[in-house]
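**Q** Here you go, query.pdb (PDB, C-alpha atoms):
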```pdb
MODEL        1
ATOM      1  CA  MET A   1       0.000   0.000   0.000  1.00  0.00           C
ATOM      2  CA  ALA A   2       2.853   2.389   0.821  1.00  0.00           C
ATOM      3  CA  ILE A   3       4.439   1.882  -2.596  1.00  0.00           C
ATOM      4  CA  CYS A   4       1.063   2.407  -4.275  1.00  0.00           C
ATOM      5  CA  TYR A   5       0.589   5.750  -2.506  1.00  0.00           C
ATOM      6  CA  TYR A   6       4.221   6.716  -3.154  1.00  0.00           C
ATOM      7  CA  ASN A   7       4.065   6.033  -6.905  1.00  0.00           C
ATOM      8  CA  GLY A   8       0.379   6.703  -7.475  1.00  0.00           C
ATOM      9  CA  ILE A   9      -0.292   3.124  -8.609  1.00  0.00           C
ATOM     10  CA  ALA A  10      -4.054   2.468  -8.936  1.00  0.00           C
ATOM     11  CA  ILE A  11      -4.581   5.227  -6.362  1.00  0.00           C
ATOM     12  CA  THR A  12      -3.962   8.965  -6.055  1.00  0.00           C
ATOM     13  CA  GLN A  13      -0.339   9.705  -5.194  1.00  0.00           C
ATOM     14  CA  ASN A  14      -0.069  10.791  -1.551  1.00  0.00           C
ATOM     15  CA  ASP A  15       3.274  11.130   0.240  1.00  0.00           C
ATOM     16  CA  THR A  16       1.715  11.401   3.692  1.00  0.00           C
ATOM     17  CA  LYS A  17      -0.271   8.181   3.260  1.00  0.00           C
ATOM     18  CA  ALA A  18       2.812   6.474   1.810  1.00  0.00           C
ATOM     19  CA  PHE A  19       4.810   7.431   4.892  1.00  0.00           C
ATOM     20  CA  GLU A  20       2.070   6.284   7.288  1.00  0.00           C
ATOM     21  CA  TRP A  21       1.658   2.871   5.662  1.00  0.00           C
ATOM     22  CA  CYS A  22       5.414   2.405   5.375  1.00  0.00           C
ATOM     23  CA  MET A  23       5.859   3.214   9.070  1.00  0.00           C
ATOM     24  CA  LYS A  24       3.221   0.615  10.016  1.00  0.00           C
ATOM     25  CA  SER A  25       5.008  -2.084   8.016  1.00  0.00           C
ATOM     26  CA  ALA A  26       8.434  -1.047   9.278  1.00  0.00           C
ATOM     27  CA  LEU A  27       7.286  -1.208  12.913  1.00  0.00           C
ATOM     28  CA  GLN A  28       6.056  -4.729  12.229  1.00  0.00           C
ATOM     29  CA  GLY A  29       9.622  -5.649  11.295  1.00  0.00           C
ATOM     30  CA  LEU A  30       9.370  -5.872   7.509  1.00  0.00           C
ATOM     31  CA  PRO A  31      12.962  -5.279   6.232  1.00  0.00           C
ATOM     32  CA  SER A  32      11.956  -3.901   2.833  1.00  0.00           C
ATOM     33  CA  ALA A  33       9.590  -1.392   4.494  1.00  0.00           C
ATOM     34  CA  GLN A  34      12.341  -0.366   6.922  1.00  0.00           C
ATOM     35  CA  ASN A  35      14.608   0.349   3.954  1.00  0.00           C
ATOM     36  CA  VAL A  36      11.950   2.390   2.151  1.00  0.00           C
ATOM     37  CA  LEU A  37      11.206   4.290   5.365  1.00  0.00           C
ATOM     38  CA  GLY A  38      14.880   5.223   5.503  1.00  0.00           C
ATOM     39  CA  ASN A  39      14.549   6.599   1.970  1.00  0.00           C
ATOM     40  CA  LEU A  40      11.450   8.599   2.928  1.00  0.00           C
ATOM     41  CA  PHE A  41      13.176  10.217   5.922  1.00  0.00           C
ATOM     42  CA  LEU A  42      16.137  11.184   3.740  1.00  0.00           C
ATOM     43  CA  GLU A  43      13.878  12.579   1.005  1.00  0.00           C
ATOM     44  CA  GLY A  44      11.472  14.296   3.394  1.00  0.00           C
ATOM     45  CA  CYS A  45       8.646  12.440   1.670  1.00  0.00           C
ATOM     46  CA  GLY A  46       5.543  12.647   3.845  1.00  0.00           C
ATOM     47  CA  CYS A  47       7.707  13.776   6.762  1.00  0.00           C
ATOM     48  CA  GLN A  48      10.467  16.193   7.727  1.00  0.00           C
ATOM     49  CA  ILE A  49      13.922  15.367   6.388  1.00  0.00           C
ATOM     50  CA  ASN A  50      15.859  13.564   9.107  1.00  0.00           C
ATOM     51  CA  GLU A  51      19.164  11.975   8.063  1.00  0.00           C
ATOM     52  CA  LYS A  52      19.714  10.398  11.471  1.00  0.00           C
ATOM     53  CA  LEU A  53      16.379   8.584  11.445  1.00  0.00           C
ATOM     54  CA  GLY A  54      16.935   7.616   7.818  1.00  0.00           C
ATOM     55  CA  LEU A  55      20.220   5.957   8.743  1.00  0.00           C
ATOM     56  CA  GLU A  56      18.661   4.293  11.804  1.00  0.00           C
ATOM     57  CA  TRP A  57      15.950   2.666   9.679  1.00  0.00           C
ATOM     58  CA  TYR A  58      18.516   1.594   7.089  1.00  0.00           C
ATOM     59  CA  VAL A  59      20.497  -0.057   9.892  1.00  0.00           C
ATOM     60  CA  LYS A  60      17.388  -1.855  11.207  1.00  0.00           C
ATOM     61  CA  SER A  61      16.747  -3.160   7.721  1.00  0.00           C
ATOM     62  CA  ALA A  62      20.412  -4.067   7.230  1.00  0.00           C
ATOM     63  CA  GLU A  63      20.355  -6.064  10.471  1.00  0.00           C
ATOM     64  CA  ASN A  64      17.703  -8.172   8.772  1.00  0.00           C
ATOM     65  CA  LYS A  65      20.079  -8.743   5.842  1.00  0.00           C
ATOM     66  CA  GLU A  66      18.248  -6.442   3.401  1.00  0.00           C
ATOM     67  CA  ALA A  67      20.857  -5.911   0.658  1.00  0.00           C
ATOM     68  CA  ALA A  68      19.229  -2.702  -0.604  1.00  0.00           C
ATOM     69  CA  ALA A  69      19.497  -1.093   2.851  1.00  0.00           C
ATOM     70  CA  ILE A  70      23.130  -2.135   3.208  1.00  0.00           C
ATOM     71  CA  TYR A  71      23.839  -0.552  -0.177  1.00  0.00           C
ATOM     72  CA  ASN A  72      21.997   2.629   0.798  1.00  0.00           C
ATOM     73  CA  ILE A  73      24.093   2.972   3.960  1.00  0.00           C
ATOM     74  CA  GLY A  74      27.135   2.833   1.718  1.00  0.00           C
ATOM     75  CA  THR A  75      25.805   5.710  -0.385  1.00  0.00           C
ATOM     76  CA  LEU A  76      25.305   7.849   2.741  1.00  0.00           C
ATOM     77  CA  PHE A  77      28.917   7.396   3.845  1.00  0.00           C
ATOM     78  CA  GLU A  78      30.256   7.824   0.329  1.00  0.00           C
ATOM     79  CA  LYS A  79      28.544  11.168  -0.215  1.00  0.00           C
ATOM     80  CA  GLY A  80      28.231  12.493   3.328  1.00  0.00           C
ATOM     81  CA  VAL A  81      24.648  13.617   3.884  1.00  0.00           C
ATOM     82  CA  GLY A  82      23.618  16.210   6.452  1.00  0.00           C
ATOM     83  CA  SER A  83      24.964  15.163   9.850  1.00  0.00           C
ATOM     84  CA  ILE A  84      26.493  11.984   8.369  1.00  0.00           C
ATOM     85  CA  SER A  85      30.141  12.645   7.579  1.00  0.00           C
ATOM     86  CA  GLN A  86      31.703  11.391   4.376  1.00  0.00           C
ATOM     87  CA  ASP A  87      33.793   8.290   4.968  1.00  0.00           C
ATOM     88  CA  GLU A  88      34.924   6.442   1.835  1.00  0.00           C
ATOM     89  CA  GLN A  89      36.412   3.557   3.800  1.00  0.00           C
ATOM     90  CA  GLN A  90      33.108   2.935   5.588  1.00  0.00           C
ATOM     91  CA  ALA A  91      31.290   3.291   2.294  1.00  0.00           C
ATOM     92  CA  PHE A  92      33.545   0.661   0.743  1.00  0.00           C
ATOM     93  CA  ASP A  93      32.952  -1.734   3.660  1.00  0.00           C
ATOM     94  CA  TRP A  94      29.174  -1.384   3.404  1.00  0.00           C
ATOM     95  CA  TYR A  95      29.256  -1.866  -0.370  1.00  0.00           C
ATOM     96  CA  VAL A  96      31.219  -5.090   0.086  1.00  0.00           C
ATOM     97  CA  ARG A  97      28.569  -6.384   2.504  1.00  0.00           C
ATOM     98  CA  ALA A  98      25.771  -5.408   0.142  1.00  0.00           C
ATOM     99  CA  ALA A  99      27.514  -7.021  -2.816  1.00  0.00           C
ATOM    100  CA  LEU A 100      27.983 -10.271  -0.924  1.00  0.00           C
ATOM    101  CA  TYR A 101      24.253 -10.267  -0.158  1.00  0.00           C
ATOM    102  CA  GLY A 102      23.518  -9.958  -3.865  1.00  0.00           C
ATOM    103  CA  SER A 103      23.155  -6.224  -4.555  1.00  0.00           C
ATOM    104  CA  VAL A 104      24.144  -5.772  -8.195  1.00  0.00           C
ATOM    105  CA  ASN A 105      24.245  -2.004  -7.665  1.00  0.00           C
ATOM    106  CA  ALA A 106      26.866  -2.532  -4.969  1.00  0.00           C
ATOM    107  CA  GLN A 107      28.821  -4.888  -7.205  1.00  0.00           C
ATOM    108  CA  ASN A 108      28.927  -2.225  -9.911  1.00  0.00           C
ATOM    109  CA  VAL A 109      29.976   0.477  -7.447  1.00  0.00           C
ATOM    110  CA  LEU A 110      32.747  -1.749  -6.096  1.00  0.00           C
ATOM    111  CA  GLY A 111      34.009  -1.961  -9.660  1.00  0.00           C
ATOM    112  CA  ILE A 112      34.125   1.829  -9.730  1.00  0.00           C
ATOM    113  CA  PHE A 113      35.849   1.996  -6.334  1.00  0.00           C
ATOM    114  CA  TYR A 114      38.542  -0.469  -7.369  1.00  0.00           C
ATOM    115  CA  GLU A 115      38.946   1.278 -10.739  1.00  0.00           C
ATOM    116  CA  GLN A 116      39.360   4.698  -9.185  1.00  0.00           C
ATOM    117  CA  GLY A 117      41.022   3.698  -5.917  1.00  0.00           C
ATOM    118  CA  ILE A 118      38.225   4.996  -3.670  1.00  0.00           C
ATOM    119  CA  GLY A 119      38.410   3.671  -0.098  1.00  0.00           C
ATOM    120  CA  ILE A 120      40.793   0.972  -1.322  1.00  0.00           C
ATOM    121  CA  SER A 121      43.933   0.710  -3.433  1.00  0.00           C
ATOM    122  CA  GLN A 122      43.306   0.704  -7.176  1.00  0.00           C
ATOM    123  CA  ASP A 123      43.068  -2.837  -8.529  1.00  0.00           C
ATOM    124  CA  PRO A 124      42.116  -3.327 -12.201  1.00  0.00           C
ATOM    125  CA  TYR A 125      41.502  -7.053 -11.774  1.00  0.00           C
ATOM    126  CA  GLU A 126      39.181  -6.652  -8.788  1.00  0.00           C
ATOM    127  CA  SER A 127      37.436  -3.860 -10.660  1.00  0.00           C
ATOM    128  CA  ILE A 128      36.603  -5.930 -13.719  1.00  0.00           C
ATOM    129  CA  SER A 129      35.701  -8.890 -11.497  1.00  0.00           C
ATOM    130  CA  TRP A 130      32.996  -6.886  -9.720  1.00  0.00           C
ATOM    131  CA  TYR A 131      31.783  -5.295 -12.949  1.00  0.00           C
ATOM    132  CA  SER A 132      31.522  -8.789 -14.414  1.00  0.00           C
ATOM    133  CA  LYS A 133      29.385 -10.097 -11.526  1.00  0.00           C
ATOM    134  CA  ALA A 134      26.854  -7.288 -11.990  1.00  0.00           C
ATOM    135  CA  ALA A 135      27.015  -7.319 -15.788  1.00  0.00           C
ATOM    136  CA  ILE A 136      26.227 -11.039 -15.958  1.00  0.00           C
ATOM    137  CA  CYS A 137      23.135 -10.310 -13.848  1.00  0.00           C
ATOM    138  CA  GLY A 138      21.986  -7.841 -16.509  1.00  0.00           C
ATOM    139  CA  HIS A 139      22.962  -4.568 -14.791  1.00  0.00           C
ATOM    140  CA  PRO A 140      23.241  -2.065 -17.693  1.00  0.00           C
ATOM    141  CA  HIS A 141      25.585   0.329 -15.885  1.00  0.00           C
ATOM    142  CA  ALA A 142      27.981  -2.520 -15.134  1.00  0.00           C
ATOM    143  CA  GLN A 143      27.701  -3.764 -18.715  1.00  0.00           C
ATOM    144  CA  TYR A 144      28.748  -0.328 -19.925  1.00  0.00           C
ATOM    145  CA  ASN A 145      31.596  -0.179 -17.400  1.00  0.00           C
ATOM    146  CA  ILE A 146      32.971  -3.604 -18.292  1.00  0.00           C
ATOM    147  CA  ALA A 147      32.805  -2.621 -21.967  1.00  0.00           C
ATOM    148  CA  ARG A 148      35.046   0.344 -21.173  1.00  0.00           C
ATOM    149  CA  CYS A 149      37.494  -1.980 -19.437  1.00  0.00           C
ATOM    150  CA  PHE A 150      37.715  -4.290 -22.432  1.00  0.00           C
ATOM    151  CA  HIS A 151      38.116  -1.348 -24.797  1.00  0.00           C
ATOM    152  CA  GLU A 152      40.874   0.227 -22.709  1.00  0.00           C
ATOM    153  CA  GLY A 153      42.570  -3.012 -21.674  1.00  0.00           C
ATOM    154  CA  PHE A 154      41.912  -2.204 -18.012  1.00  0.00           C
ATOM    155  CA  GLY A 155      42.051  -5.389 -15.919  1.00  0.00           C
ATOM    156  CA  ALA A 156      41.818  -7.540 -19.026  1.00  0.00           C
ATOM    157  CA  GLU A 157      43.362  -7.856 -22.458  1.00  0.00           C
ATOM    158  CA  LYS A 158      42.092  -5.169 -24.824  1.00  0.00           C
ATOM    159  CA  ASN A 159      39.218  -6.645 -26.823  1.00  0.00           C
ATOM    160  CA  ASN A 160      36.905  -4.388 -28.806  1.00  0.00           C
ATOM    161  CA  PHE A 161      34.775  -7.330 -29.913  1.00  0.00           C
ATOM    162  CA  LEU A 162      33.853  -8.118 -26.286  1.00  0.00           C
ATOM    163  CA  ALA A 163      33.456  -4.414 -25.545  1.00  0.00           C
ATOM    164  CA  PHE A 164      30.971  -4.075 -28.385  1.00  0.00           C
ATOM    165  CA  GLY A 165      29.028  -7.112 -27.153  1.00  0.00           C
ATOM    166  CA  TRP A 166      28.604  -5.681 -23.661  1.00  0.00           C
ATOM    167  CA  LEU A 167      27.658  -2.273 -25.067  1.00  0.00           C
ATOM    168  CA  ASN A 168      24.965  -3.939 -27.149  1.00  0.00           C
ATOM    169  CA  ALA A 169      23.630  -5.683 -24.037  1.00  0.00           C
ATOM    170  CA  ALA A 170      23.380  -2.383 -22.154  1.00  0.00           C
ATOM    171  CA  ALA A 171      21.996  -0.523 -25.176  1.00  0.00           C
ATOM    172  CA  SER A 172      19.167  -3.061 -25.405  1.00  0.00           C
ATOM    173  CA  GLN A 173      18.085  -1.694 -22.002  1.00  0.00           C
ATOM    174  CA  ASN A 174      18.202   1.911 -23.276  1.00  0.00           C
ATOM    175  CA  HIS A 175      21.370   2.780 -21.346  1.00  0.00           C
ATOM    176  CA  ILE A 176      22.062   6.161 -22.877  1.00  0.00           C
ATOM    177  CA  LEU A 177      25.866   6.084 -23.041  1.00  0.00           C
ATOM    178  CA  SER A 178      25.774   2.559 -24.442  1.00  0.00           C
ATOM    179  CA  LEU A 179      23.374   3.612 -27.198  1.00  0.00           C
ATOM    180  CA  LEU A 180      25.790   6.391 -28.091  1.00  0.00           C
ATOM    181  CA  SER A 181      28.778   4.039 -27.841  1.00  0.00           C
ATOM    182  CA  VAL A 182      27.186   1.428 -30.103  1.00  0.00           C
ATOM    183  CA  ALA A 183      26.505   4.136 -32.656  1.00  0.00           C
ATOM    184  CA  ILE A 184      30.146   5.232 -32.491  1.00  0.00           C
ATOM    185  CA  CYS A 185      31.302   1.618 -32.852  1.00  0.00           C
ATOM    186  CA  HIS A 186      29.212   1.212 -36.000  1.00  0.00           C
ATOM    187  CA  GLU A 187      30.451   4.518 -37.412  1.00  0.00           C
ATOM    188  CA  PHE A 188      34.143   3.876 -36.767  1.00  0.00           C
ATOM    189  CA  ALA A 189      34.177   0.045 -37.078  1.00  0.00           C
ATOM    190  CA  ILE A 190      35.165  -0.562 -33.443  1.00  0.00           C
ATOM    191  CA  GLY A 191      34.612  -4.214 -32.589  1.00  0.00           C
ATOM    192  CA  THR A 192      32.216  -4.575 -35.510  1.00  0.00           C
ATOM    193  CA  ASN A 193      31.924  -3.771 -39.198  1.00  0.00           C
ATOM    194  CA  ARG A 194      31.264  -0.195 -40.268  1.00  0.00           C
ATOM    195  CA  ASN A 195      27.533   0.320 -40.753  1.00  0.00           C
ATOM    196  CA  MET A 196      26.352   3.900 -41.090  1.00  0.00           C
ATOM    197  CA  LYS A 197      22.694   2.855 -41.238  1.00  0.00           C
ATOM    198  CA  LEU A 198      22.954   1.252 -37.801  1.00  0.00           C
ATOM    199  CA  ALA A 199      25.083   4.134 -36.539  1.00  0.00           C
ATOM    200  CA  LEU A 200      22.310   6.546 -37.508  1.00  0.00           C
ATOM    201  CA  LYS A 201      19.692   4.325 -35.846  1.00  0.00           C
ATOM    202  CA  TYR A 202      21.529   4.282 -32.515  1.00  0.00           C
ATOM    203  CA  TYR A 203      22.391   7.990 -32.654  1.00  0.00           C
ATOM    204  CA  GLN A 204      18.688   8.676 -33.123  1.00  0.00           C
ATOM    205  CA  GLU A 205      17.701   6.420 -30.233  1.00  0.00           C
ATOM    206  CA  ALA A 206      20.250   8.065 -27.929  1.00  0.00           C
ATOM    207  CA  SER A 207      19.142  11.507 -29.078  1.00  0.00           C
ATOM    208  CA  ILE A 208      15.480  10.766 -28.342  1.00  0.00           C
ATOM    209  CA  ILE A 209      16.250  10.029 -24.694  1.00  0.00           C
ATOM    210  CA  GLY A 210      18.306  13.185 -24.266  1.00  0.00           C
ATOM    211  CA  CYS A 211      21.904  12.519 -25.345  1.00  0.00           C
ATOM    212  CA  SER A 212      23.297  15.873 -26.503  1.00  0.00           C
ATOM    213  CA  GLU A 213      26.368  14.280 -28.119  1.00  0.00           C
ATOM    214  CA  ALA A 214      24.143  12.050 -30.232  1.00  0.00           C
ATOM    215  CA  LYS A 215      22.107  15.079 -31.286  1.00  0.00           C
ATOM    216  CA  ALA A 216      25.308  16.882 -32.294  1.00  0.00           C
ATOM    217  CA  ARG A 217      26.483  13.922 -34.378  1.00  0.00           C
ATOM    218  CA  LEU A 218      23.192  13.879 -36.262  1.00  0.00           C
ATOM    219  CA  LYS A 219      23.810  17.429 -37.500  1.00  0.00           C
ATOM    220  CA  PRO A 220      25.183  17.706 -41.079  1.00  0.00           C
ATOM    221  CA  SER A 221      28.491  19.154 -39.993  1.00  0.00           C
ATOM    222  CA  THR A 222      31.843  17.956 -41.265  1.00  0.00           C
ATOM    223  CA  ILE A 223      33.481  18.949 -37.994  1.00  0.00           C
ATOM    224  CA  ILE A 224      31.017  16.896 -35.977  1.00  0.00           C
ATOM    225  CA  THR A 225      31.350  13.921 -38.337  1.00  0.00           C
ATOM    226  CA  LEU A 226      35.111  13.919 -38.003  1.00  0.00           C
ATOM    227  CA  LEU A 227      35.148  14.085 -34.218  1.00  0.00           C
ATOM    228  CA  SER A 228      37.232  11.260 -32.829  1.00  0.00           C
ATOM    229  CA  TYR A 229      35.337   8.696 -30.794  1.00  0.00           C
ATOM    230  CA  LEU A 230      38.120   9.066 -28.228  1.00  0.00           C
ATOM    231  CA  ARG A 231      36.770  12.495 -27.363  1.00  0.00           C
ATOM    232  CA  VAL A 232      33.476  11.082 -26.177  1.00  0.00           C
ATOM    233  CA  LEU A 233      33.759   7.891 -24.224  1.00  0.00           C
ATOM    234  CA  PHE A 234      36.882   5.910 -24.687  1.00  0.00           C
ATOM    235  CA  GLY A 235      39.621   8.235 -23.541  1.00  0.00           C
ATOM    236  CA  ARG A 236      42.009   6.845 -20.963  1.00  0.00           C
ATOM    237  CA  ARG A 237      40.482   8.721 -18.092  1.00  0.00           C
ATOM    238  CA  LYS A 238      38.820   7.779 -14.864  1.00  0.00           C
ATOM    239  CA  PRO A 239      35.048   7.594 -15.282  1.00  0.00           C
ATOM    240  CA  THR A 240      32.892  10.018 -13.392  1.00  0.00           C
ATOM    241  CA  ILE A 241      30.491   8.455 -10.928  1.00  0.00           C
ATOM    242  CA  SER A 242      27.148   9.518 -12.318  1.00  0.00           C
ATOM    243  CA  HIS A 243      23.677   8.244 -12.992  1.00  0.00           C
ATOM    244  CA  PHE A 244      25.053   6.801 -16.216  1.00  0.00           C
ATOM    245  CA  ASP A 245      27.398   4.481 -14.325  1.00  0.00           C
ATOM    246  CA  ARG A 246      25.345   3.607 -11.274  1.00  0.00           C
ATOM    247  CA  LEU A 247      22.050   4.000  -9.451  1.00  0.00           C
ATOM    248  CA  PRO A 248      21.683   6.322  -6.442  1.00  0.00           C
ATOM    249  CA  VAL A 249      19.523   4.228  -4.089  1.00  0.00           C
ATOM    250  CA  GLU A 250      17.875   0.830  -3.996  1.00  0.00           C
ATOM    251  CA  ILE A 251      14.233   0.267  -3.100  1.00  0.00           C
TER     252      ILE A 251
ENDMDL
END
```
Would you mind writing the file out in structure tokens?
**A**
Amino acid sequence: MAICYYNGIAITQNDTKAFEWCMKSALQGLPSAQNVLGNLFLEGCGCQINEKLGLEWYVKSAENKEAAAIYNIGTLFEKGVGSISQDEQQAFDWYVRAALYGSVNAQNVLGIFYEQGIGISQDPYESISWYSKAAICGHPHAQYNIARCFHEGFGAEKNNFLAFGWLNAAASQNHILSLLSVAICHEFAIGTNRNMKLALKYYQEASIIGCSEAKARLKPSTIITLLSYLRVLFGRRKPTISHFDRLPVEI
């Protein structure tokens, strides 16, 4: 009922009712409700924002082995929210716990942490190992990240054929950077044969869901056409942690 009120499913959306129903379930000891209640306190949805109470409910849920709550605790320590100080080492520890309990979001984030050396020493092999676990489970952000690793030869032998395969998997789930990447691969014959018809198709799909680079590449400009694919995605740089690479919270 709480989720129905929160999302307006088959009923008028009502944050206050969502909070009330979620609180009832959480007090009855339901781990998933305890996790969602933590989210509501942090968002101020149907209640006043209270980071401390949000963390407390996450911890209650985590004590009941709710992987999503364990992951969410990691995000709080990674970012530092309100009265909760940033602590990358604690964030890393919580992500490990969440990953071991099956959180694919945590597995993907651990790949990022090991790739960038956040809260732990940089380790390309651990990075691609965690990306692989999440990617095999169908996580589009991890599929994109492991594709980058294969393209760059980070933690594995450089292999554009495998990179293209993982990008296709993520693109099939409308992952915006993967749609753009697949288009670039078709245009510049990276891991596949050159196919401008398919390149145009994927540029259009990426453009429709808001990719400004794809929109630019659709313009009839010689300068845009000749832009190197390295400029966009495949430069040897550390990836930014963004909504393209990961998800913010689990519900």
**Q** Which residue is closest to Trp21 (chain A)? Choose from A:Ala135, A:Leu53, A:Ala147, A:Val36 and count only C-alpha atoms.
**A**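 Once distances to Trp21 (chain A) are computed over only C-alpha atoms, the minimum belongs to A:Val36.
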**Q** List, as a ChimeraX atom specification, every residue that the PyMOL selection byres ((chain A and resi 64) around 12) selects in the file provided.
**A** /A:26,29-35,57-63,65-70,101
**Q** In Å, how far is it from CA of Cys47 (chain A) to CA of Tyr71 (chain A)?
**A**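 CA of Cys47 (chain A) sits 22.7 Å away from CA of Tyr71 (chain A).
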**Q** One decimal, Å: what's the distance from CA of Ile190 (chain A) over to CA of Ala106 (chain A), could you say?
**A**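 The value is 29.7 Å.
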**Q** Which residues fall under the PyMOL selection byres ((chain A and resi 107) around 9) in this file, as an NGL selection string?
**A** :A and (95-96 or 98-100 or 102-106 or 108-112 or 130-134 or 142)
**Q** To test your reading of the syntax: which residues would the PyMOL selection byres ((chain A and resi 186) around 12) return for the file shown? Reply as a PyMOL selection string.
**A** chain A and resi 160-161+164+167-168+179-185+187-203+229
**Q** If you keep C-alpha atoms, can you produce a file of those selected residues as a PDB file, in the frame of the given file?
**A**
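Contents of again_23.pdb, freshly written:
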```
ATOM      1  CA  ASN A 160      36.905  -4.388 -28.806  1.00  0.00           C
ATOM      2  CA  PHE A 161      34.775  -7.330 -29.913  1.00  0.00           C
ATOM      3  CA  PHE A 164      30.971  -4.075 -28.385  1.00  0.00           C
ATOM      4  CA  LEU A 167      27.658  -2.273 -25.067  1.00  0.00           C
ATOM      5  CA  ASN A 168      24.965  -3.939 -27.149  1.00  0.00           C
ATOM      6  CA  LEU A 179      23.374   3.612 -27.198  1.00  0.00           C
ATOM      7  CA  LEU A 180      25.790   6.391 -28.091  1.00  0.00           C
ATOM      8  CA  SER A 181      28.778   4.039 -27.841  1.00  0.00           C
ATOM      9  CA  VAL A 182      27.186   1.428 -30.103  1.00  0.00           C
ATOM     10  CA  ALA A 183      26.505   4.136 -32.656  1.00  0.00           C
ATOM     11  CA  ILE A 184      30.146   5.232 -32.491  1.00  0.00           C
ATOM     12  CA  CYS A 185      31.302   1.618 -32.852  1.00  0.00           C
ATOM     13  CA  GLU A 187      30.451   4.518 -37.412  1.00  0.00           C
ATOM     14  CA  PHE A 188      34.143   3.876 -36.767  1.00  0.00           C
ATOM     15  CA  ALA A 189      34.177   0.045 -37.078  1.00  0.00           C
ATOM     16  CA  ILE A 190      35.165  -0.562 -33.443  1.00  0.00           C
ATOM     17  CA  GLY A 191      34.612  -4.214 -32.589  1.00  0.00           C
ATOM     18  CA  THR A 192      32.216  -4.575 -35.510  1.00  0.00           C
ATOM     19  CA  ASN A 193      31.924  -3.771 -39.198  1.00  0.00           C
ATOM     20  CA  ARG A 194      31.264  -0.195 -40.268  1.00  0.00           C
ATOM     21  CA  ASN A 195      27.533   0.320 -40.753  1.00  0.00           C
ATOM     22  CA  MET A 196      26.352   3.900 -41.090  1.00  0.00           C
ATOM     23  CA  LYS A 197      22.694   2.855 -41.238  1.00  0.00           C
ATOM     24  CA  LEU A 198      22.954   1.252 -37.801  1.00  0.00           C
ATOM     25  CA  ALA A 199      25.083   4.134 -36.539  1.00  0.00           C
ATOM     26  CA  LEU A 200      22.310   6.546 -37.508  1.00  0.00           C
ATOM     27  CA  LYS A 201      19.692   4.325 -35.846  1.00  0.00           C
ATOM     28  CA  TYR A 202      21.529   4.282 -32.515  1.00  0.00           C
ATOM     29  CA  TYR A 203      22.391   7.990 -32.654  1.00  0.00           C
ATOM     30  CA  TYR A 229      35.337   8.696 -30.794  1.00  0.00           C
TER      31      TYR A 229
END
```
**Q** If I take CA of Phe154 (chain A) and CA of Glu78 (chain A), how far is one from the other in Å, to one decimal?
**A**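 Those two atoms sit 23.9 Å apart.
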**Q** Which is closest to Leu42 (chain A) among A:Cys4, A:Ile73, A:Cys149, A:Ile120, if we use only C-alpha atoms?
**A**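 Going through A:Cys4, A:Ile73, A:Cys149, A:Ile120 one by one, the smallest distance to Leu42 (chain A) is for A:Ile73.
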**Q** Which residues come within 7 Å of Cys45 (chain A), counting only C-alpha atoms, excluding same-chain residues fewer than 3 positions away, as an NGL selection string?
**A** :A and (15 or 40-41)
**Q** May I ask which of the residues A:Gln204, A:Gln48, A:Gln116, A:Gln89 is the closest one to Thr75 (chain A), counting only C-alpha atoms?
**A**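 Among the listed residues, A:Gln89 lies closest to Thr75 (chain A).
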